[in-house]
Protein chains: 2
Amino acid sequence: MKLSKRTRYGLRAMVELAVGFGDGPLQIKLIANRQAISVKYLEQLISVLKSGGFVNSIRGAKGGYMLAKSPDKIHLSDIFALLEGDVVTSECVRDVSVCGRSSDCVARDIWSKVENAIDEVLSSITLQDMVDRLNSRGKVNYQI
Amino acid sequence: MKLSKRTRYGLRAMVELAVGFGDGPLQIKLIANRQAISVKYLEQLISVLKSGGFVNSIRGAKGGYMLAKSPDKIHLSDIFALLEGDVVTSECVRDVSVCGRSSDCVARDIWSKVENAIDEVLSSITLQDMVDRLNSRGKVNYQI
DNA sequence: TATAATACATACTAACTTAGTAGGAATAAT
DNA sequence: ATTATTCCTACTAAGTTAGTATGTATTATA
């Protein structure tokens, strides 16, 4: 069980956008430089975040990206679900039909617990929480 | 974040061995058949479980495998650590030196929380717990 | 003692996933 | 017109996963 760079990068970008929330569009190039991510790769990730409804864009010179919602309305679980896909322990957790005897399965309960535990942590944290902590630490760093 | 079949199969095998704990050696072929796992693949997994100290073996005809410890002494977190490797969100959670500024990082705290949440669930459950639940449900099933 | 049943060992492989790169077209500010 | 940006699509190298393949070594038992 490993978290993909895709999700980590995506979250970093979202935190950058959250930090600059209200300050006009932020360019991919800037985000990529600040967070040491390949520009071209980040383009693809941001495009996913855009179709997911988390960011808006302005095209052309002086264009860029901004959060589509206030940072306190975006939970880490949302970003995870979009970029990482669902956390999956066993398919049966979400799709009972793959086994047919799921209602009796002792293992399914466990996988279900694991997924819930992860989701509980992630949905309890918003982008705004991260920005707040960042500020309280003097913006020293947030390599994610 | 996805759980590998490797770990799922390994856990299934361990549960089979836990169910038969005290009844003499259990053959790979039997476990593989009961749990619908490729015999050859399971051989490799069990070999890992053996070097991890979780199972003992008897070679030759009528040989097989058995748990090296009582099922109530084996926590799911142990099996995970061996087969899945550590749950990894970001390298910095375990190895602070990869970033150098980890002590100030707001993201590290989050990854750390996620890993702890997973570990809490997994270390709270033993093989014996699974066997007990299985028995209380009439051994209907445990496709894991 | 021959045979069968089992564990043990090592090498190979197809399919998939990841983390990109490459090369541009479309759009907007100046 | 030029430049800066987003947007789009295709390609790719390296690694991982879930196996197969082909045996050898060991032990029970007939």
# chains A, B, ... in the order shown; residues from 1 in each chain; ligands from 1

$ select_by_dssp --residues "range 5-136 of chain B" --states "helix (DSSP H, G or I)" --output "PyMOL selection string"
chain B and resi 5-19+28-35+39-51+71-73+76-83+91-93+96-98+102-104+106-123+127-136

$ calpha_fit_and_write --fixed "chain A" --moving "chain B" --output "compact mmCIF listing (two decimals) with C-alpha atoms, in the first residue's frame"
# COMPACT_ATOMS: atom_id res chain seq x y z
CA MET B 1 -0.04 0.03 -0.03
CA LYS B 2 1.66 3.05 -1.30
CA LEU B 3 0.57 6.56 -2.02
CA SER B 4 1.27 7.63 -5.61
CA LYS B 5 3.30 10.67 -6.52
CA ARG B 6 0.33 11.65 -8.60
CA THR B 7 -1.71 12.26 -5.47
CA ARG B 8 1.15 13.79 -3.57
CA TYR B 9 1.93 16.21 -6.38
CA GLY B 10 -1.72 16.99 -6.85
CA LEU B 11 -2.10 17.80 -3.20
CA ARG B 12 1.01 19.98 -3.25
CA ALA B 13 -0.43 21.93 -6.12
CA MET B 14 -3.72 22.32 -4.32
CA VAL B 15 -1.97 23.62 -1.23
CA GLU B 16 -0.10 26.17 -3.37
CA LEU B 17 -3.40 27.30 -4.81
CA ALA B 18 -4.92 27.43 -1.35
CA VAL B 19 -2.07 29.59 -0.08
CA GLY B 20 -2.67 32.00 -2.95
CA PHE B 21 -6.45 31.84 -2.75
CA GLY B 22 -7.93 35.23 -3.63
CA ASP B 23 -4.74 36.55 -5.22
CA GLY B 24 -5.63 35.90 -8.84
CA PRO B 25 -4.44 33.12 -11.12
CA LEU B 26 -1.34 31.12 -10.35
CA GLN B 27 0.68 29.63 -13.22
CA ILE B 28 1.57 25.99 -13.54
CA LYS B 29 5.19 26.90 -14.08
CA LEU B 30 5.33 28.63 -10.71
CA ILE B 31 3.71 25.79 -8.85
CA ALA B 32 5.93 23.25 -10.55
CA ASN B 33 9.06 25.20 -9.71
CA ARG B 34 8.12 25.77 -6.10
CA GLN B 35 7.24 22.15 -5.59
CA ALA B 36 9.89 20.56 -7.77
CA ILE B 37 7.45 18.83 -10.08
CA SER B 38 7.79 18.38 -13.84
CA VAL B 39 5.78 21.12 -15.55
CA LYS B 40 4.37 18.80 -18.18
CA TYR B 41 3.36 16.20 -15.67
CA LEU B 42 1.71 18.76 -13.47
CA GLU B 43 -0.23 20.07 -16.46
CA GLN B 44 -1.87 16.67 -16.71
CA LEU B 45 -2.64 16.48 -13.04
CA ILE B 46 -4.13 19.94 -12.94
CA SER B 47 -6.28 19.07 -15.90
CA VAL B 48 -7.72 16.22 -13.84
CA LEU B 49 -8.24 18.54 -10.90
CA LYS B 50 -10.03 20.91 -13.22
CA SER B 51 -12.41 18.32 -14.61
CA GLY B 52 -12.99 17.24 -11.03
CA GLY B 53 -14.27 20.73 -10.33
CA PHE B 54 -11.59 21.71 -7.86
CA VAL B 55 -9.87 24.39 -9.91
CA ASN B 56 -10.76 26.97 -12.52
CA SER B 57 -8.45 28.31 -15.18
CA ILE B 58 -7.79 31.41 -17.22
CA ARG B 59 -6.15 30.91 -20.58
CA GLY B 60 -3.60 33.02 -22.37
CA ALA B 61 -0.89 35.30 -21.09
CA LYS B 62 -1.20 36.16 -17.38
CA GLY B 63 -3.60 33.26 -17.11
CA GLY B 64 -3.33 30.45 -14.63
CA TYR B 65 -5.30 28.48 -12.12
CA MET B 66 -7.23 29.09 -8.95
CA LEU B 67 -9.29 27.05 -6.56
CA ALA B 68 -12.91 26.70 -7.58
CA LYS B 69 -14.05 26.62 -3.96
CA SER B 70 -12.87 28.08 -0.70
CA PRO B 71 -10.02 26.03 0.84
CA ASP B 72 -12.11 25.23 3.89
CA LYS B 73 -14.60 23.46 1.64
CA ILE B 74 -12.02 21.09 0.14
CA HIS B 75 -11.21 18.02 2.18
CA LEU B 76 -8.18 15.88 1.53
CA SER B 77 -10.47 12.93 1.01
CA ASP B 78 -11.90 14.71 -2.05
CA ILE B 79 -8.50 15.12 -3.63
CA PHE B 80 -7.62 11.54 -2.84
CA ALA B 81 -10.76 10.17 -4.37
CA LEU B 82 -10.07 12.07 -7.57
CA LEU B 83 -6.35 11.47 -8.02
CA GLU B 84 -5.69 8.22 -6.25
CA GLY B 85 -8.96 6.60 -7.11
CA ASP B 86 -10.69 4.90 -4.27
CA VAL B 87 -8.53 3.39 -1.60
CA VAL B 88 -8.93 -0.29 -2.30
CA THR B 89 -8.15 -3.13 0.03
CA SER B 90 -10.45 -5.73 -1.48
CA GLU B 91 -12.98 -5.19 -4.25
CA CYS B 92 -15.72 -6.69 -2.13
CA VAL B 93 -15.68 -3.71 0.23
CA ARG B 94 -17.35 -1.54 -2.37
CA ASP B 95 -18.84 -4.15 -4.66
CA VAL B 96 -20.51 -6.88 -2.66
CA SER B 97 -21.38 -8.83 -5.80
CA VAL B 98 -17.78 -9.86 -6.54
CA CYS B 99 -17.97 -12.55 -3.89
CA GLY B 100 -21.60 -13.42 -3.28
CA ARG B 101 -20.95 -14.38 0.30
CA SER B 102 -19.69 -11.04 1.51
CA SER B 103 -22.31 -10.78 4.20
CA ASP B 104 -20.65 -13.68 5.98
CA CYS B 105 -17.05 -12.78 5.28
CA VAL B 106 -14.83 -12.07 8.26
CA ALA B 107 -12.18 -10.47 6.12
CA ARG B 108 -14.44 -7.97 4.46
CA ASP B 109 -15.11 -6.39 7.84
CA ILE B 110 -11.41 -5.82 8.29
CA TRP B 111 -10.80 -4.24 4.91
CA SER B 112 -13.80 -2.11 5.49
CA LYS B 113 -12.41 -0.92 8.81
CA VAL B 114 -9.08 -0.06 7.21
CA GLU B 115 -10.69 2.00 4.49
CA ASN B 116 -12.87 3.79 6.98
CA ALA B 117 -9.90 4.58 9.18
CA ILE B 118 -8.07 6.17 6.26
CA ASP B 119 -11.11 8.10 5.15
CA GLU B 120 -11.72 9.39 8.65
CA VAL B 121 -8.29 10.99 8.77
CA LEU B 122 -8.47 12.43 5.28
CA SER B 123 -11.95 13.85 5.51
CA SER B 124 -11.15 15.53 8.81
CA ILE B 125 -8.57 17.79 7.15
CA THR B 126 -9.24 20.65 4.75
CA LEU B 127 -6.85 22.64 2.61
CA GLN B 128 -7.51 25.55 4.91
CA ASP B 129 -6.27 23.50 7.84
CA MET B 130 -3.02 22.99 6.00
CA VAL B 131 -2.67 26.65 5.16
CA ASP B 132 -3.32 27.57 8.79
CA ARG B 133 -0.67 25.23 10.04
CA LEU B 134 1.69 26.50 7.41
CA ASN B 135 1.17 30.07 8.58
CA SER B 136 1.59 29.14 12.21
CA ARG B 137 4.96 27.67 11.34
CA GLY B 138 6.10 30.68 9.38
CA LYS B 139 5.68 29.06 5.98
CA VAL B 140 9.01 27.38 6.42
CA ASN B 141 8.16 24.52 4.19
CA TYR B 142 5.62 22.22 2.78
CA GLN B 143 7.20 19.61 0.66
CA ILE B 144 4.42 17.08 0.75

$ closest_atom_pairs --of "chain C" --to "chain A" --cutoff "7 Å" --atoms "only C-alpha atoms (C1' of nucleotides)" --output "CSV"
residue,atom,partner,partner_atom,distance
C:DG20,C1',A:Tyr41,CA,6.5
C:DT27,C1',A:Gly60,CA,5.1
C:DA28,C1',A:Gly60,CA,4.1
C:DA29,C1',A:Ala61,CA,5.5

$ atom_distance --atom1 "C1' of DT17 in chain D" --atom2 "C1' of DT21 in chain C"
24.9 Å

$ select_by_dssp --residues "chain B" --states "strand (DSSP E)" --output "PyMOL selection string"
chain B and resi 55-58+64-67

$ atom_distance --atom1 "C1' of DC16 in chain C" --atom2 "C1' of DT9 in chain D"
20.7 Å

$ residues_around --residues "DT22 in chain D" --least-positions-apart "6" --cutoff "12 Å" --atoms "only C-alpha atoms (C1' of nucleotides)" --output "MDAnalysis selection string"
(chainID B and resid 40) or (chainID C and resid 9:12)

$ write_last_selection --atoms "N, CA and C atoms (P, O5', C5', C4', C3', O3' and C1' of nucleotides)" --output "PDB file, in the first residue's frame"
ATOM      1  N   LYS B  40       1.693 -22.609  -7.325  1.00  0.00           N
ATOM      2  CA  LYS B  40       3.079 -22.164  -7.453  1.00  0.00           C
ATOM      3  C   LYS B  40       3.300 -20.779  -6.867  1.00  0.00           C
TER       4      LYS B  40
ATOM      5  P    DA C   9      15.143 -23.284   0.055  1.00  0.00           P
ATOM      6  O5'  DA C   9      15.393 -23.134  -1.504  1.00  0.00           O
ATOM      7  C5'  DA C   9      16.190 -24.102  -2.177  1.00  0.00           C
ATOM      8  C4'  DA C   9      16.254 -23.718  -3.630  1.00  0.00           C
ATOM      9  C3'  DA C   9      16.390 -22.218  -3.879  1.00  0.00           C
ATOM     10  O3'  DA C   9      17.645 -22.015  -4.475  1.00  0.00           O
ATOM     11  C1'  DA C   9      14.802 -23.220  -5.349  1.00  0.00           C
ATOM     12  P    DT C  10      18.246 -20.576  -4.739  1.00  0.00           P
ATOM     13  O5'  DT C  10      17.925 -20.334  -6.282  1.00  0.00           O
ATOM     14  C5'  DT C  10      18.209 -21.365  -7.211  1.00  0.00           C
ATOM     15  C4'  DT C  10      17.601 -21.000  -8.541  1.00  0.00           C
ATOM     16  C3'  DT C  10      17.656 -19.514  -8.872  1.00  0.00           C
ATOM     17  O3'  DT C  10      18.298 -19.366 -10.115  1.00  0.00           O
ATOM     18  C1'  DT C  10      15.515 -20.392  -9.304  1.00  0.00           C
ATOM     19  P    DA C  11      18.799 -17.931 -10.640  1.00  0.00           P
ATOM     20  O5'  DA C  11      18.229 -17.927 -12.117  1.00  0.00           O
ATOM     21  C5'  DA C  11      18.012 -19.171 -12.798  1.00  0.00           C
ATOM     22  C4'  DA C  11      16.811 -19.040 -13.702  1.00  0.00           C
ATOM     23  C3'  DA C  11      16.694 -17.681 -14.393  1.00  0.00           C
ATOM     24  O3'  DA C  11      16.666 -17.904 -15.796  1.00  0.00           O
ATOM     25  C1'  DA C  11      14.611 -18.376 -13.526  1.00  0.00           C
ATOM     26  P    DC C  12      16.808 -16.705 -16.830  1.00  0.00           P
ATOM     27  O5'  DC C  12      15.307 -16.528 -17.342  1.00  0.00           O
ATOM     28  C5'  DC C  12      14.676 -17.633 -17.982  1.00  0.00           C
ATOM     29  C4'  DC C  12      13.176 -17.415 -17.995  1.00  0.00           C
ATOM     30  C3'  DC C  12      12.718 -16.156 -18.736  1.00  0.00           C
ATOM     31  O3'  DC C  12      12.109 -16.562 -19.943  1.00  0.00           O
ATOM     32  C1'  DC C  12      11.497 -16.509 -16.702  1.00  0.00           C
TER      33       DC C  12
END

$ closest_atom_pairs --of "chain D" --to "chain B" --cutoff "7 Å" --atoms "only C-alpha atoms (C1' of nucleotides)" --output "CSV"
residue,atom,partner,partner_atom,distance
D:DG19,C1',B:Tyr41,CA,6.5
D:DT26,C1',B:Gly60,CA,5.1
D:DT27,C1',B:Gly60,CA,4.0
D:DA28,C1',B:Ala61,CA,5.4

$ atom_distance --atom1 "C1' of DG23 in chain D" --atom2 "C1' of DT1 in chain C"
23.7 Å

$ decode --residues "chain C" --atoms "C-alpha atoms (C1' of nucleotides)" --output "short mmCIF file (atom, residue, chain, number, x, y, z; two decimals), in the first residue's frame"
data_model
loop_
_atom_site.label_atom_id
_atom_site.label_comp_id
_atom_site.auth_asym_id
_atom_site.auth_seq_id
_atom_site.Cartn_x
_atom_site.Cartn_y
_atom_site.Cartn_z
"C1'" DT C 1 14.07 -50.20 -2.16
"C1'" DA C 2 11.09 -47.98 -5.60
"C1'" DT C 3 7.43 -44.73 -5.84
"C1'" DA C 4 4.74 -41.04 -4.76
"C1'" DA C 5 4.00 -36.92 -2.31
"C1'" DT C 6 5.54 -33.10 -0.67
"C1'" DA C 7 8.62 -28.86 0.28
"C1'" DC C 8 12.26 -25.95 -1.69
"C1'" DA C 9 14.80 -23.22 -5.35
"C1'" DT C 10 15.52 -20.39 -9.30
"C1'" DA C 11 14.61 -18.38 -13.53
"C1'" DC C 12 11.50 -16.51 -16.70
"C1'" DT C 13 7.38 -13.64 -18.51
"C1'" DA C 14 3.05 -11.12 -20.04
"C1'" DA C 15 0.41 -7.50 -18.73
"C1'" DC C 16 -0.05 -3.48 -16.32
"C1'" DT C 17 1.19 0.84 -13.90
"C1'" DT C 18 3.86 4.86 -12.96
"C1'" DA C 19 5.93 8.93 -13.81
"C1'" DG C 20 7.08 11.00 -16.83
"C1'" DT C 21 8.52 13.28 -22.12
"C1'" DA C 22 7.33 15.24 -26.77
"C1'" DG C 23 5.17 18.17 -29.79
"C1'" DG C 24 2.16 20.84 -30.68
"C1'" DA C 25 -2.83 23.71 -31.02
"C1'" DA C 26 -5.83 27.20 -28.95
"C1'" DT C 27 -6.39 31.39 -26.47
"C1'" DA C 28 -5.51 35.87 -24.54
"C1'" DA C 29 -2.60 40.05 -23.04
"C1'" DT C 30 0.55 43.42 -24.62
#
